[in-house]
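Engineer: Here you go, this is input-v3.tsv (TSV, C-alpha atoms and all ligand atoms).
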chain	number	residue	atom	x	y	z
X	1	MET	CA	9.71	20.26	57.37
X	2	ARG	CA	6.42	21.71	56.17
X	3	ASP	CA	8.18	25.01	55.43
X	4	LYS	CA	10.71	23.16	53.28
X	5	VAL	CA	7.97	21.37	51.35
X	6	GLU	CA	6.08	24.63	50.82
X	7	GLU	CA	9.28	26.39	49.76
X	8	LYS	CA	10.07	23.60	47.26
X	9	GLY	CA	6.51	23.77	45.89
X	10	ARG	CA	6.76	27.55	45.49
X	11	ARG	CA	10.10	27.26	43.71
X	12	ARG	CA	8.81	24.60	41.32
X	13	ALA	CA	5.69	26.66	40.61
X	14	ALA	CA	7.86	29.73	39.91
X	15	VAL	CA	9.98	27.78	37.39
X	16	ASP	CA	6.88	26.46	35.65
X	17	ASP	CA	5.24	29.89	35.62
X	18	ALA	CA	8.34	31.44	34.02
X	19	SER	CA	8.45	28.69	31.41
X	20	VAL	CA	4.74	29.15	30.66
X	21	THR	CA	5.16	32.93	30.35
X	22	ASP	CA	8.08	32.44	27.94
X	23	THR	CA	6.12	29.92	25.89
X	24	LEU	CA	3.05	32.16	25.68
X	25	ARG	CA	5.24	35.06	24.56
X	26	GLU	CA	6.84	32.82	21.94
X	27	LEU	CA	3.43	31.60	20.79
X	28	THR	CA	2.24	35.19	20.33
X	29	ALA	CA	5.31	36.03	18.21
X	30	TYR	CA	4.94	32.78	16.25
X	31	LEU	CA	1.28	33.47	15.43
X	32	ALA	CA	1.97	37.11	14.52
X	33	ASP	CA	4.80	35.96	12.21
X	34	ARG	CA	2.37	33.64	10.48
X	35	GLY	CA	0.03	36.56	9.82
X	36	HIS	CA	-2.79	35.74	12.24
X	37	ALA	CA	-5.10	38.63	13.13
X	38	PRO	CA	-4.59	40.19	16.59
X	39	GLY	CA	-7.98	38.86	17.75
X	40	THR	CA	-7.00	35.31	16.77
X	41	VAL	CA	-3.62	35.64	18.45
X	42	GLU	CA	-5.36	36.76	21.66
X	43	SER	CA	-7.93	33.97	21.47
X	44	TYR	CA	-5.27	31.29	20.86
X	45	GLY	CA	-3.17	32.75	23.68
X	46	ARG	CA	-6.12	32.44	26.09
X	47	ALA	CA	-6.72	28.85	24.97
X	48	ALA	CA	-3.03	28.06	25.55
X	49	SER	CA	-3.17	29.68	29.04
X	50	HIS	CA	-6.23	27.59	29.87
X	51	PHE	CA	-4.36	24.47	28.69
X	52	PHE	CA	-1.32	25.30	30.88
X	53	ARG	CA	-3.53	25.90	33.95
X	54	TRP	CA	-5.23	22.57	33.35
X	55	ILE	CA	-1.83	20.84	32.92
X	56	ALA	CA	-0.48	22.53	36.08
X	57	HIS	CA	-3.53	21.33	38.00
X	58	ARG	CA	-2.73	17.77	36.88
X	59	GLY	CA	1.07	17.88	37.33
X	60	SER	CA	4.25	19.21	35.77
X	61	THR	CA	4.30	21.20	32.54
X	62	ARG	CA	7.30	19.06	31.55
X	63	ARG	CA	4.97	16.16	30.92
X	64	ILE	CA	3.08	17.69	27.98
X	65	ARG	CA	2.49	15.10	25.25
X	66	ASP	CA	0.30	14.79	22.17
X	67	GLU	CA	-2.14	12.84	24.33
X	68	SER	CA	-2.43	15.82	26.69
X	69	VAL	CA	-4.12	17.82	23.94
X	70	GLY	CA	-6.72	15.07	23.38
X	71	ARG	CA	-7.44	14.85	27.10
X	72	PHE	CA	-7.74	18.61	27.35
X	73	LEU	CA	-10.27	18.66	24.51
X	74	VAL	CA	-12.31	16.13	26.47
X	75	HIS	CA	-12.03	18.37	29.56
X	76	LEU	CA	-13.34	21.25	27.47
X	77	ARG	CA	-16.76	19.61	27.21
X	78	ARG	CA	-17.34	19.83	30.94
X	79	CYS	CA	-14.99	22.73	31.70
X	80	ARG	CA	-16.11	25.09	34.47
X	81	CYS	CA	-12.73	26.84	34.81
X	82	PRO	CA	-12.77	30.58	35.42
X	83	ARG	CA	-11.02	32.62	32.67
X	84	SER	CA	-11.17	29.66	30.30
X	85	GLY	CA	-11.40	31.78	27.15
X	86	SER	CA	-12.93	30.06	24.14
X	87	ARG	CA	-14.41	26.62	24.71
X	88	CYS	CA	-14.99	26.13	20.99
X	89	LEU	CA	-13.37	22.82	20.06
X	90	PHE	CA	-12.36	24.09	16.62
X	91	THR	CA	-10.63	27.21	18.00
X	92	VAL	CA	-8.94	25.46	20.91
X	93	ARG	CA	-7.72	22.58	18.75
X	94	ALA	CA	-6.21	25.06	16.28
X	95	ALA	CA	-4.61	27.05	19.13
X	96	LEU	CA	-3.06	23.93	20.67
X	97	LYS	CA	-1.76	22.75	17.32
X	98	HIS	CA	0.27	25.96	17.12
X	99	LEU	CA	1.25	25.71	20.79
X	100	MET	CA	2.58	22.17	20.27
X	101	ALA	CA	4.57	23.42	17.26
X	102	VAL	CA	6.16	26.09	19.48
X	103	LEU	CA	6.87	23.57	22.25
X	104	ARG	CA	8.43	21.17	19.73
X	105	ARG	CA	10.61	23.95	18.37
X	106	ARG	CA	11.83	24.55	21.94
X	107	GLY	CA	12.42	20.82	22.40
X	108	SER	CA	9.87	20.71	25.25
X	109	VAL	CA	7.72	18.08	23.53
X	110	ALA	CA	8.74	14.94	21.63
X	111	PRO	CA	8.38	14.89	17.80
X	112	PRO	CA	5.01	13.77	16.44
X	113	LYS	CA	4.29	10.06	16.47
X	114	ALA	CA	4.50	9.95	12.67
X	115	ALA	CA	8.12	11.12	12.89
X	116	ARG	CA	8.84	8.49	15.52
X	117	ALA	CA	7.19	5.85	13.34
X	118	SER	CA	9.43	6.77	10.41
X	119	THR	CA	12.44	6.54	12.74
X	120	ILE	CA	11.34	3.03	13.65
X	121	ASP	CA	11.03	2.16	9.95
X	122	ARG	CA	14.55	3.42	9.27
X	123	VAL	CA	15.98	1.41	12.16
X	124	LEU	CA	14.12	-1.70	11.02
X	125	ASP	CA	15.38	-1.30	7.45
X	126	ALA	CA	18.98	-0.96	8.64
X	127	PHE	CA	18.54	-3.92	11.00
X	128	ASP	CA	17.12	-6.05	8.19
X	129	ILE	CA	20.05	-5.22	5.90
X	130	HIS	CA	22.42	-6.21	8.73
X	131	LEU	CA	20.58	-9.52	9.26
X	132	ARG	CA	20.67	-10.29	5.54
X	133	ASP	CA	24.15	-9.08	4.53
X	134	THR	CA	26.18	-9.60	7.71
X	135	CYS	CA	24.37	-12.50	9.37
X	136	GLY	CA	23.23	-14.17	6.16
X	137	LEU	CA	19.77	-14.95	7.55
X	138	ALA	CA	16.90	-16.16	5.37
X	139	GLU	CA	13.79	-14.05	4.82
X	140	ALA	CA	11.62	-16.30	7.04
X	141	THR	CA	13.99	-15.87	10.00
X	142	ARG	CA	14.34	-12.14	9.42
X	143	ILE	CA	10.57	-11.64	9.49
X	144	TYR	CA	10.43	-12.88	13.11
X	145	ARG	CA	13.49	-10.91	14.22
X	146	ARG	CA	12.10	-7.72	12.63
X	147	ARG	CA	8.78	-8.28	14.38
X	148	TYR	CA	10.41	-8.65	17.82
X	149	VAL	CA	12.52	-5.55	17.32
X	150	HIS	CA	9.51	-3.64	15.99
X	151	GLU	CA	7.51	-4.50	19.12
X	152	PHE	CA	10.44	-3.54	21.32
X	153	LEU	CA	10.84	-0.15	19.59
X	154	LEU	CA	7.12	0.58	19.77
X	155	ALA	CA	7.05	-0.21	23.48
X	156	THR	CA	10.22	1.82	24.10
X	157	LEU	CA	9.22	4.88	22.07
X	158	GLY	CA	5.57	4.72	23.06
X	159	ALA	CA	4.33	5.00	19.49
X	160	ALA	CA	1.92	2.10	19.95
X	161	ARG	CA	-0.33	4.09	22.24
X	162	SER	CA	-3.52	5.36	20.71
X	163	THR	CA	-3.80	9.07	20.07
X	164	SER	CA	-7.59	8.94	19.86
X	165	ASP	CA	-9.39	11.09	22.40
X	166	GLY	CA	-12.83	10.08	21.19
X	167	SER	CA	-13.82	13.69	20.73
X	168	GLY	CA	-14.36	13.42	16.97
X	169	PRO	CA	-13.58	16.09	14.39
X	170	PRO	CA	-14.73	19.64	15.05
X	171	THR	CA	-17.17	21.06	12.57
X	172	SER	CA	-17.98	24.64	13.53
X	173	CYS	CA	-18.09	27.13	16.37
X	174	GLY	CA	-21.75	27.94	15.96
X	175	SER	CA	-22.87	26.47	19.29
X	201	ZN	ZN	-11.20	24.30	31.88
As structure tokens, please, write out the structure in this file.
Ligand SMILES: [Zn+2]
Structural biologist:
Amino acid sequence: MRDKVEEKGRRRAAVDDASVTDTLRELTAYLADRGHAPGTVESYGRAASHFFRWIAHRGSTRRIRDESVGRFLVHLRRCRCPRSGSRCLFTVRAALKHLMAVLRRRGSVAPPKAARASTIDRVLDAFDIHLRDTCGLAEATRIYRRRYVHEFLLATLGAARSTSDGSGPPTSCGS
């Protein structure tokens, strides 16, 4: 039984490791394509590796979300990880912005909340036209129906959750 559990854990770790290696390789190519200096590419790659190790320590790499970046930046303040690379908030935030772009391109992370919000707006607009033209409902009635659907969509798509990590904007790497 224990052997089976250990075997399953090893297999899952191997899949995640392969996915992380692929993503880091893709990030390197992505940054090089955008004209970043080799030193920056290396620094961002180390920050991304640190992020993946932190994520792996907390659970599956498949659960990376925008909020994960905020939580990681909070971790950075008290980080004692070996091989952490840069702990400069400005550098790490920039690195993870690029990493999230790569993960989004691969379809590993959901679109940004702003994109989801505009999807909600489009659905609400279409719904409102349906209520007005097909159902013949008055504006006052439609306001309530739109509100209920809006709340439902926010709860379903998770866009209502705060993205704030409380870390504030980075200013410089001088410290
Ligand atoms: Zn750390």
Engineer: Using all atoms listed in the file, determine which residues lie at most 10 Å from X:Pro82, disregarding the query and same-chain residues fewer than 3 positions distant; provide the list as a list in words.
Structural biologist: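 Those residues are His50, Cys79 and Gly85 of chain X.
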Engineer: Measuring atom to atom with only C-alpha atoms, identify which of X:Arg132, X:Arg104, X:Arg142, X:His150 is nearest to X:Ser118.
Structural biologist: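 The shortest atom-to-atom distance to X:Ser118 comes from X:His150.
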Engineer: Dump the neighbourhood of ligand ZN 201 (chain X) as a PDB file with C-alpha atoms, keeping the file's coordinate frame: all residues within 8 Å, distances computed on all atoms listed in the file.
Structural biologist:
ATOM      1  CA  HIS X  50      -6.230  27.590  29.870  1.00  0.00           C
ATOM      2  CA  PHE X  51      -4.360  24.470  28.690  1.00  0.00           C
ATOM      3  CA  TRP X  54      -5.230  22.570  33.350  1.00  0.00           C
ATOM      4  CA  HIS X  75     -12.030  18.370  29.560  1.00  0.00           C
ATOM      5  CA  LEU X  76     -13.340  21.250  27.470  1.00  0.00           C
ATOM      6  CA  ARG X  78     -17.340  19.830  30.940  1.00  0.00           C
ATOM      7  CA  CYS X  79     -14.990  22.730  31.700  1.00  0.00           C
ATOM      8  CA  ARG X  80     -16.110  25.090  34.470  1.00  0.00           C
ATOM      9  CA  CYS X  81     -12.730  26.840  34.810  1.00  0.00           C
ATOM     10  CA  PRO X  82     -12.770  30.580  35.420  1.00  0.00           C
ATOM     11  CA  SER X  84     -11.170  29.660  30.300  1.00  0.00           C
TER      12      SER X  84
END
Engineer: Rounded to one decimal, what separation in Å do you get between atom CA of X:Arg53 and atom CA of X:Ala94?
Structural biologist: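 About the pair atom CA of X:Arg53 and atom CA of X:Ala94: they are 17.9 Å apart.
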Engineer: Go through X:Glu26, X:Asp66, X:Glu42, X:Glu139 one by one, measure the shortest atom-to-atom distance of each to X:Pro111 using all atoms listed in the file, and give the residue with the smallest value.
Structural biologist: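 Nearest candidate to X:Pro111 out of X:Glu26, X:Asp66, X:Glu42, X:Glu139: X:Asp66.
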Engineer: Which residue out of X:Arg146, X:Ile64, X:Leu24, X:Ala37 has the minimum interatomic distance to X:Leu131 when only C-alpha atoms are used?
Structural biologist: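 Among the listed residues, the smallest separation from X:Leu131 belongs to X:Arg146.
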Engineer: Give me, please, the distance in Å between atom CA of X:Asp133 and atom CA of X:Val149, quoted to one decimal.
Structural biologist: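 Pair atom CA of X:Asp133 / atom CA of X:Val149 returns 17.6 Å.
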Engineer: So which residues touch stretch 31-33 of chain X within 12 Å, counting all atoms listed in the file, skipping near sequence neighbours fewer than 5 positions away, as a list in words?
Structural biologist: Leu24, Arg25, Glu26, Pro38, Gly39, Thr40, Val41, Glu42, Ser43, Tyr44, Gly45, Ala94, Ala95, Leu96, Lys97, His98, Leu99, Ala101 and Val102 of chain X
Engineer: For the selection you just gave me, I'd like the residues written to a file as a short mmCIF file (atom, residue, chain, number, x, y, z; two decimals), in the coordinates of the input, keeping C-alpha atoms.
Structural biologist:
data_model
loop_
_atom_site.label_atom_id
_atom_site.label_comp_id
_atom_site.auth_asym_id
_atom_site.auth_seq_id
_atom_site.Cartn_x
_atom_site.Cartn_y
_atom_site.Cartn_z
CA LEU X 24 3.05 32.16 25.68
CA ARG X 25 5.24 35.06 24.56
CA GLU X 26 6.84 32.82 21.94
CA PRO X 38 -4.59 40.19 16.59
CA GLY X 39 -7.98 38.86 17.75
CA THR X 40 -7.00 35.31 16.77
CA VAL X 41 -3.62 35.64 18.45
CA GLU X 42 -5.36 36.76 21.66
CA SER X 43 -7.93 33.97 21.47
CA TYR X 44 -5.27 31.29 20.86
CA GLY X 45 -3.17 32.75 23.68
CA ALA X 94 -6.21 25.06 16.28
CA ALA X 95 -4.61 27.05 19.13
CA LEU X 96 -3.06 23.93 20.67
CA LYS X 97 -1.76 22.75 17.32
CA HIS X 98 0.27 25.96 17.12
CA LEU X 99 1.25 25.71 20.79
CA ALA X 101 4.57 23.42 17.26
CA VAL X 102 6.16 26.09 19.48
#
Engineer: Looking at only C-alpha atoms, which of X:Arg58, X:Ala126, X:Arg65, X:Leu137 is the one that sits closest to X:Gly107?
Structural biologist: X:Arg65
Engineer: In Å, rounded to a single decimal, give me how far atom CA of X:Arg87 is from atom CA of X:Arg34.
Structural biologist: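 Computed distance, atom CA of X:Arg34 to atom CA of X:Arg87, equals 23.1 Å.
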Engineer: Quick one: of X:Phe52, X:Phe90, X:Tyr144, X:Phe152, who's nearest to X:Ser68, counting all atoms listed in the file?
Structural biologist: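 So, comparing all the options, the nearest one is X:Phe52.
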Engineer: Pick from X:Ala110, X:His36, X:Ile129, X:Ala29: nearest to X:Glu67, with all atoms listed in the file counted?
Structural biologist: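 Between X:Ala110, X:His36, X:Ile129, X:Ala29, the residue approaching X:Glu67 most closely is X:Ala110.
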